[in-house]
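The structure under discussion appears below in the form of structure tokens.
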Amino acid sequence: SATYENVLVEQRGRVGVVTLNRPKALNALNSALMKDLNEALRAFDKDDSVGAIVVTGSEKAFAAGADIKEMKDLEFVQCYKNNFLADWTGITSIRKPIIAAVNGFALGGGCEVAMMCDLIYAGDKAKFGQPEIKLGTIPGAGGTQRLTSLVGKAKAMDMILTGDMITAQEAEKAGLVARIYPAEKLVDEAVKSATVIASYSLPSVQMAKEAVNKSLELSLSEGLHLERRLFQATFATKDQKEGMKAFAEKRAANFTHE
Ligand code: CAA
């Protein structure tokens, strides 16, 4: 697989692992790193031997936010003309499920990148925050929108207006984080879950991801409509036949992702 300057990529079975790797800057998300991350994710998304992806950082930091030193002198017209931060949302067009395995700091853009993933697992010492307000700005990669739909207005407003961080335990209680593991076990556990997910029928996994993510955007009746159509569509896959036949025959299903 390709090599990148700011991220490490490896494949463990059917799981693609992308590790943000700018340790000197606590994985601050500069444009070079975001380009590498997007490219690495797109490569795994296209690779038939990969069924799920884990994105992680270091034990000290998942990512300490957008790179402040890189952006501090930007002017509005430059930001506007180049649609600054718009290309970050490439992560949300990846169609395979992505687990963010967050150890240490997930701040500002770091928290926002984690929220662009489908699931967040946290190490027990992880900290989440949207501290942009302390820098004279506001979240710019989905913080005001995604955090609010994930944790509700009270917690989101509190975090975004005070800039205070929350712990992994608070983040789990608030619904931002699905599971907490001891920091040193986190990545292996995330890969374990991703391996389970990747063993299921890929088209069904993709449809499930798509339907859940759409629930944040659609009305209930539109969302239920989409869900029913996707559910019905699974009956066109070989894997649905195999999955249900295997159940009836009391054996494990052998999915071929077709
Ligand atoms: N951008 C650029 N460099 C960063 C950075 C960032 N977001 N975060 C950390 N670094 C750099 C530091 O400048 C430092 O570099 P030097 O050694 O060259 O001085 C190095 O990483 C280590 O950081 P610290 O010495 O500060 O480490 P610490 O353990 O004392 O503190 C921290 C850790 C609390 C995370 C602190 O680094 C911090 O507050 N970072 C900034 C967090 C932040 O404000 N993030 C939001 C960015 S704005 C944004 O993300 C906009 C958006 O919505 C997309």
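Note on naming: chains are A, B, ... as they come in the structure tokens, residues start from 1 per chain, ligands start from 1 in the order shown.
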
Protein and nucleic residues near ligand 1, 6 Å, only C-alpha atoms and all ligand atoms, as a PDB file with N, CA and C atoms, in the first residue's frame:
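What follows is the written file out.pdb:
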```pdb
ATOM      1  N   LYS A  24       5.031  15.530  16.747  1.00  0.00           N
ATOM      2  CA  LYS A  24       5.599  16.787  17.269  1.00  0.00           C
ATOM      3  C   LYS A  24       4.528  17.845  17.495  1.00  0.00           C
ATOM      4  N   ALA A  25       3.435  17.756  16.754  1.00  0.00           N
ATOM      5  CA  ALA A  25       2.372  18.760  16.872  1.00  0.00           C
ATOM      6  C   ALA A  25       1.081  18.150  17.410  1.00  0.00           C
ATOM      7  N   LEU A  26       1.206  17.057  18.183  1.00  0.00           N
ATOM      8  CA  LEU A  26       0.019  16.373  18.726  1.00  0.00           C
ATOM      9  C   LEU A  26      -1.021  16.098  17.645  1.00  0.00           C
ATOM     10  N   ALA A  28      -1.808  17.800  15.123  1.00  0.00           N
ATOM     11  CA  ALA A  28      -2.557  18.965  14.616  1.00  0.00           C
ATOM     12  C   ALA A  28      -2.794  18.742  13.124  1.00  0.00           C
ATOM     13  N   ALA A  64      -5.012  17.349  18.197  1.00  0.00           N
ATOM     14  CA  ALA A  64      -5.236  18.568  19.003  1.00  0.00           C
ATOM     15  C   ALA A  64      -5.868  19.685  18.177  1.00  0.00           C
ATOM     16  N   GLY A  65      -6.519  19.336  17.080  1.00  0.00           N
ATOM     17  CA  GLY A  65      -7.279  20.351  16.341  1.00  0.00           C
ATOM     18  C   GLY A  65      -6.638  20.723  15.029  1.00  0.00           C
ATOM     19  N   ALA A  66      -7.306  21.648  14.336  1.00  0.00           N
ATOM     20  CA  ALA A  66      -6.713  22.204  13.122  1.00  0.00           C
ATOM     21  C   ALA A  66      -5.382  22.830  13.500  1.00  0.00           C
ATOM     22  N   ASP A  67      -4.466  22.911  12.537  1.00  0.00           N
ATOM     23  CA  ASP A  67      -3.138  23.451  12.822  1.00  0.00           C
ATOM     24  C   ASP A  67      -3.207  24.969  12.955  1.00  0.00           C
ATOM     25  N   ILE A  68      -3.077  25.415  14.199  1.00  0.00           N
ATOM     26  CA  ILE A  68      -3.253  26.850  14.505  1.00  0.00           C
ATOM     27  C   ILE A  68      -2.169  27.686  13.845  1.00  0.00           C
ATOM     28  N   LYS A  69      -0.947  27.117  13.849  1.00  0.00           N
ATOM     29  CA  LYS A  69       0.175  27.881  13.265  1.00  0.00           C
ATOM     30  C   LYS A  69      -0.001  28.036  11.759  1.00  0.00           C
ATOM     31  N   PHE A 105      -6.008  13.669  23.567  1.00  0.00           N
ATOM     32  CA  PHE A 105      -6.805  14.836  23.185  1.00  0.00           C
ATOM     33  C   PHE A 105      -7.516  14.657  21.846  1.00  0.00           C
ATOM     34  N   LEU A 107      -9.478  17.484  20.211  1.00  0.00           N
ATOM     35  CA  LEU A 107      -9.897  18.869  20.424  1.00  0.00           C
ATOM     36  C   LEU A 107     -10.185  19.553  19.094  1.00  0.00           C
ATOM     37  N   GLY A 108     -11.151  20.449  19.097  1.00  0.00           N
ATOM     38  CA  GLY A 108     -11.458  21.227  17.904  1.00  0.00           C
ATOM     39  C   GLY A 108     -11.659  20.307  16.707  1.00  0.00           C
ATOM     40  N   GLY A 109     -10.862  20.550  15.655  1.00  0.00           N
ATOM     41  CA  GLY A 109     -10.954  19.707  14.461  1.00  0.00           C
ATOM     42  C   GLY A 109     -10.713  18.234  14.755  1.00  0.00           C
ATOM     43  N   PRO A 131     -12.396  23.830  21.744  1.00  0.00           N
ATOM     44  CA  PRO A 131     -11.837  25.031  22.390  1.00  0.00           C
ATOM     45  C   PRO A 131     -11.665  26.236  21.463  1.00  0.00           C
ATOM     46  N   GLU A 132     -12.267  26.192  20.264  1.00  0.00           N
ATOM     47  CA  GLU A 132     -12.026  27.269  19.294  1.00  0.00           C
ATOM     48  C   GLU A 132     -12.343  28.650  19.862  1.00  0.00           C
ATOM     49  N   PRO A 139     -16.011  26.497  16.063  1.00  0.00           N
ATOM     50  CA  PRO A 139     -15.793  25.241  15.337  1.00  0.00           C
ATOM     51  C   PRO A 139     -16.147  25.415  13.861  1.00  0.00           C
ATOM     52  N   GLY A 140     -15.335  24.836  12.979  1.00  0.00           N
ATOM     53  CA  GLY A 140     -15.558  25.058  11.554  1.00  0.00           C
ATOM     54  C   GLY A 140     -15.649  23.800  10.728  1.00  0.00           C
ATOM     55  N   ALA A 141     -15.613  22.643  11.392  1.00  0.00           N
ATOM     56  CA  ALA A 141     -15.679  21.379  10.642  1.00  0.00           C
ATOM     57  C   ALA A 141     -16.784  20.494  11.215  1.00  0.00           C
TER      58      ALA A 141
END
```

ask   = Contacts of stretch 210-213 of chain A at 8 Å or less, counting only C-alpha atoms, minus same-chain residues fewer than 4 places along, as a ChimeraX atom specification?
value = /A:95,118,206,217,223,226-227,230

Output file for the residues above (N, CA and C atoms, as a PDB file, in the first residue's frame):
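Final output, saved to out28.pdb:
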```pdb
ATOM      1  N   ARG A  95     -17.640   5.064   2.286  1.00  0.00           N
ATOM      2  CA  ARG A  95     -18.867   4.269   2.422  1.00  0.00           C
ATOM      3  C   ARG A  95     -18.701   3.049   3.312  1.00  0.00           C
ATOM      4  N   ASP A 118     -17.976   6.916  11.995  1.00  0.00           N
ATOM      5  CA  ASP A 118     -19.300   6.363  12.282  1.00  0.00           C
ATOM      6  C   ASP A 118     -19.471   5.999  13.744  1.00  0.00           C
ATOM      7  N   GLN A 206     -22.845  -1.394   4.674  1.00  0.00           N
ATOM      8  CA  GLN A 206     -22.877  -0.047   4.079  1.00  0.00           C
ATOM      9  C   GLN A 206     -24.279   0.558   4.141  1.00  0.00           C
ATOM     10  N   GLU A 217     -30.177  13.575   9.466  1.00  0.00           N
ATOM     11  CA  GLU A 217     -30.511  14.630   8.507  1.00  0.00           C
ATOM     12  C   GLU A 217     -31.964  14.629   8.076  1.00  0.00           C
ATOM     13  N   GLY A 223     -36.790   9.135   6.867  1.00  0.00           N
ATOM     14  CA  GLY A 223     -35.789   8.182   7.349  1.00  0.00           C
ATOM     15  C   GLY A 223     -36.342   6.762   7.340  1.00  0.00           C
ATOM     16  N   LEU A 226     -36.514   5.552   3.732  1.00  0.00           N
ATOM     17  CA  LEU A 226     -35.190   5.124   3.256  1.00  0.00           C
ATOM     18  C   LEU A 226     -34.830   3.762   3.850  1.00  0.00           C
ATOM     19  N   GLU A 227     -35.045   3.626   5.169  1.00  0.00           N
ATOM     20  CA  GLU A 227     -34.691   2.377   5.836  1.00  0.00           C
ATOM     21  C   GLU A 227     -35.433   1.194   5.216  1.00  0.00           C
ATOM     22  N   LEU A 230     -34.005   0.310   1.804  1.00  0.00           N
ATOM     23  CA  LEU A 230     -32.693  -0.336   1.910  1.00  0.00           C
ATOM     24  C   LEU A 230     -32.842  -1.753   2.459  1.00  0.00           C
TER      25      LEU A 230
END
```

Select from stretch 112-143 of chain A every residue with an atom at most 12 Å from any atom of stretch 45-55 of chain A, then for each give the shortest pair of atoms and their distance in Å to one decimal, using only C-alpha atoms, rows by chain and rising number, as a Markdown table.
```
| residue | atom | partner | partner_atom | distance |
| --- | --- | --- | --- | --- |
| A:Val113 | CA | A:Val55 | CA | 9.6 |
| A:Ala114 | CA | A:Val55 | CA | 8.4 |
| A:Met115 | CA | A:Val55 | CA | 11.5 |
| A:Met116 | CA | A:Val55 | CA | 10.9 |
| A:Cys117 | CA | A:Val55 | CA | 8.3 |
| A:Asp118 | CA | A:Ile53 | CA | 10.0 |
| A:Leu119 | CA | A:Val54 | CA | 9.5 |
| A:Ile120 | CA | A:Val55 | CA | 9.6 |
| A:Tyr121 | CA | A:Val54 | CA | 10.0 |
| A:Ala122 | CA | A:Val55 | CA | 11.7 |
```

task = Apply DSSP to the backbone of this structure and, from stretch 145-256 of chain A, keep only the residues in alpha helix (DSSP H); write these as a PyMOL selection string.
result = chain A and resi 148-162+168-174+186-199+202-215+220-233+238-248

key: strand (DSSP E) call set, DSSP backbone run, stretch 134-211 of chain A, as a ChimeraX atom specification   = /A:166-167,179-181

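Here the question is which of A:Lys209, A:Lys127, A:Lys238, A:Lys134 gets nearest to A:Val177 using only C-alpha atoms, and that residue is A:Lys127.
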
request  = Excluding A:Gly123 and residues on its chain fewer than 5 positions from it, collect all residues at most 10 Å away from it, counting only C-alpha atoms, and give them as a PyMOL selection string.
outcome  = chain A and resi 59+101-104+167-169+179-187

Grab the residues selected above and save them as a short mmCIF file (atom, residue, chain, number, x, y, z; two decimals), in the first residue's frame with all heavy atoms.
```cif
data_model
loop_
_atom_site.label_atom_id
_atom_site.label_comp_id
_atom_site.auth_asym_id
_atom_site.auth_seq_id
_atom_site.Cartn_x
_atom_site.Cartn_y
_atom_site.Cartn_z
N GLU A 59 -1.18 7.75 21.90
CA GLU A 59 -1.78 7.69 23.24
C GLU A 59 -1.96 9.08 23.84
O GLU A 59 -2.83 9.32 24.64
CB GLU A 59 -0.96 6.78 24.18
CG GLU A 59 -1.28 5.32 23.94
CD GLU A 59 -1.16 4.42 25.18
OE1 GLU A 59 -1.11 4.92 26.32
OE2 GLU A 59 -1.11 3.20 24.97
N ALA A 101 -10.75 5.53 17.04
CA ALA A 101 -10.24 5.04 18.32
C ALA A 101 -9.46 6.20 18.94
O ALA A 101 -8.35 6.51 18.51
CB ALA A 101 -9.36 3.82 18.11
N VAL A 102 -10.07 6.85 19.94
CA VAL A 102 -9.55 8.12 20.45
C VAL A 102 -8.85 7.95 21.78
O VAL A 102 -9.49 7.65 22.80
CB VAL A 102 -10.68 9.16 20.60
CG1 VAL A 102 -10.16 10.44 21.25
CG2 VAL A 102 -11.33 9.46 19.25
N ASN A 103 -7.53 8.12 21.79
CA ASN A 103 -6.76 8.24 23.02
C ASN A 103 -6.31 9.69 23.15
O ASN A 103 -6.04 10.35 22.15
CB ASN A 103 -5.52 7.35 22.98
CG ASN A 103 -5.78 5.96 23.55
OD1 ASN A 103 -6.54 5.79 24.52
ND2 ASN A 103 -5.15 4.96 22.96
N GLY A 104 -6.21 10.17 24.37
CA GLY A 104 -5.68 11.51 24.60
C GLY A 104 -6.61 12.59 24.07
O GLY A 104 -7.83 12.43 24.07
N THR A 167 -14.34 14.49 29.83
CA THR A 167 -13.58 13.23 29.92
C THR A 167 -14.26 12.16 29.05
O THR A 167 -15.41 12.32 28.63
CB THR A 167 -13.57 12.71 31.36
OG1 THR A 167 -14.92 12.44 31.76
CG2 THR A 167 -12.95 13.73 32.32
N ALA A 168 -13.54 11.06 28.85
CA ALA A 168 -14.10 9.92 28.11
C ALA A 168 -15.39 9.45 28.78
O ALA A 168 -16.37 9.13 28.11
CB ALA A 168 -13.08 8.78 28.07
N GLN A 169 -15.37 9.42 30.12
CA GLN A 169 -16.53 8.93 30.86
C GLN A 169 -17.74 9.85 30.64
O GLN A 169 -18.86 9.39 30.41
CB GLN A 169 -16.20 8.83 32.37
CG GLN A 169 -15.16 7.76 32.71
CD GLN A 169 -13.72 8.11 32.24
OE1 GLN A 169 -13.36 9.28 32.05
NE2 GLN A 169 -12.89 7.09 32.01
N ARG A 179 -18.03 3.25 23.41
CA ARG A 179 -17.39 2.35 24.37
C ARG A 179 -16.10 2.98 24.88
O ARG A 179 -15.46 3.74 24.16
CB ARG A 179 -16.97 1.03 23.71
CG ARG A 179 -18.06 0.29 23.01
CD ARG A 179 -17.53 -1.06 22.57
NE ARG A 179 -18.44 -1.71 21.65
CZ ARG A 179 -18.29 -2.95 21.20
NH1 ARG A 179 -17.23 -3.65 21.57
NH2 ARG A 179 -19.15 -3.49 20.37
N ILE A 180 -15.72 2.59 26.10
CA ILE A 180 -14.44 3.02 26.68
C ILE A 180 -13.60 1.78 26.98
O ILE A 180 -14.13 0.79 27.50
CB ILE A 180 -14.64 3.81 27.98
CG1 ILE A 180 -15.47 5.07 27.72
CG2 ILE A 180 -13.31 4.18 28.62
CD1 ILE A 180 -15.76 5.89 28.96
N TYR A 181 -12.31 1.86 26.66
CA TYR A 181 -11.37 0.78 26.97
C TYR A 181 -10.15 1.38 27.65
O TYR A 181 -9.85 2.56 27.45
CB TYR A 181 -10.91 0.09 25.68
CG TYR A 181 -11.97 -0.75 25.01
CD1 TYR A 181 -12.59 -0.31 23.84
CD2 TYR A 181 -12.34 -1.98 25.54
CE1 TYR A 181 -13.57 -1.09 23.22
CE2 TYR A 181 -13.31 -2.76 24.92
CZ TYR A 181 -13.92 -2.31 23.77
OH TYR A 181 -14.88 -3.08 23.16
N PRO A 182 -9.39 0.56 28.42
CA PRO A 182 -8.10 1.05 28.93
C PRO A 182 -7.27 1.54 27.74
O PRO A 182 -7.26 0.89 26.68
CB PRO A 182 -7.46 -0.19 29.56
CG PRO A 182 -8.61 -1.12 29.85
CD PRO A 182 -9.66 -0.83 28.81
N ALA A 183 -6.59 2.66 27.91
CA ALA A 183 -5.90 3.32 26.79
C ALA A 183 -5.06 2.35 25.96
O ALA A 183 -5.12 2.35 24.73
CB ALA A 183 -5.04 4.46 27.32
N GLU A 184 -4.28 1.50 26.66
CA GLU A 184 -3.32 0.66 25.93
C GLU A 184 -4.01 -0.47 25.15
O GLU A 184 -3.42 -1.06 24.26
CB GLU A 184 -2.23 0.12 26.87
CG GLU A 184 -2.68 -0.88 27.92
CD GLU A 184 -3.38 -0.25 29.14
OE1 GLU A 184 -3.58 0.99 29.17
OE2 GLU A 184 -3.76 -1.02 30.06
N LYS A 185 -5.28 -0.75 25.48
CA LYS A 185 -6.00 -1.82 24.78
C LYS A 185 -6.88 -1.29 23.67
O LYS A 185 -7.44 -2.05 22.87
CB LYS A 185 -6.90 -2.57 25.77
CG LYS A 185 -6.16 -3.27 26.89
CD LYS A 185 -6.91 -4.57 27.27
CE LYS A 185 -6.10 -5.44 28.21
NZ LYS A 185 -6.49 -5.23 29.61
N LEU A 186 -7.05 0.04 23.62
CA LEU A 186 -8.08 0.64 22.76
C LEU A 186 -7.97 0.24 21.30
O LEU A 186 -8.96 -0.18 20.69
CB LEU A 186 -8.02 2.18 22.89
CG LEU A 186 -8.91 2.94 21.90
CD1 LEU A 186 -10.38 2.73 22.23
CD2 LEU A 186 -8.55 4.42 21.89
N VAL A 187 -6.79 0.37 20.72
CA VAL A 187 -6.68 0.15 19.27
C VAL A 187 -6.97 -1.31 18.94
O VAL A 187 -7.71 -1.61 18.00
CB VAL A 187 -5.30 0.61 18.74
CG1 VAL A 187 -5.16 0.29 17.26
CG2 VAL A 187 -5.14 2.12 18.96
#
```

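Excluding A:Lys241 and any residue on its chain fewer than 4 positions from it, the residues at most 12 Å away by only C-alpha atoms are Ser201, Thr234, Phe235, Ala236, Thr237, Lys245, Ala246, Phe247, Ala248, Ala253, Asn254, Phe255, Thr256, His257 and Glu258 of chain A.
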
Between atom CA of A:Asp36 and atom CA of A:Val191, distance in Å (one decimal) =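 Between these atoms lies a distance of 20.8 Å.
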
Option closest in space to A:Ile98, from A:Gly243, A:Gly136, A:Gly16, A:Gly143 [counting only C-alpha atoms] =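 Looking only at the distances to A:Ile98, the closest residue turns out to be A:Gly16.
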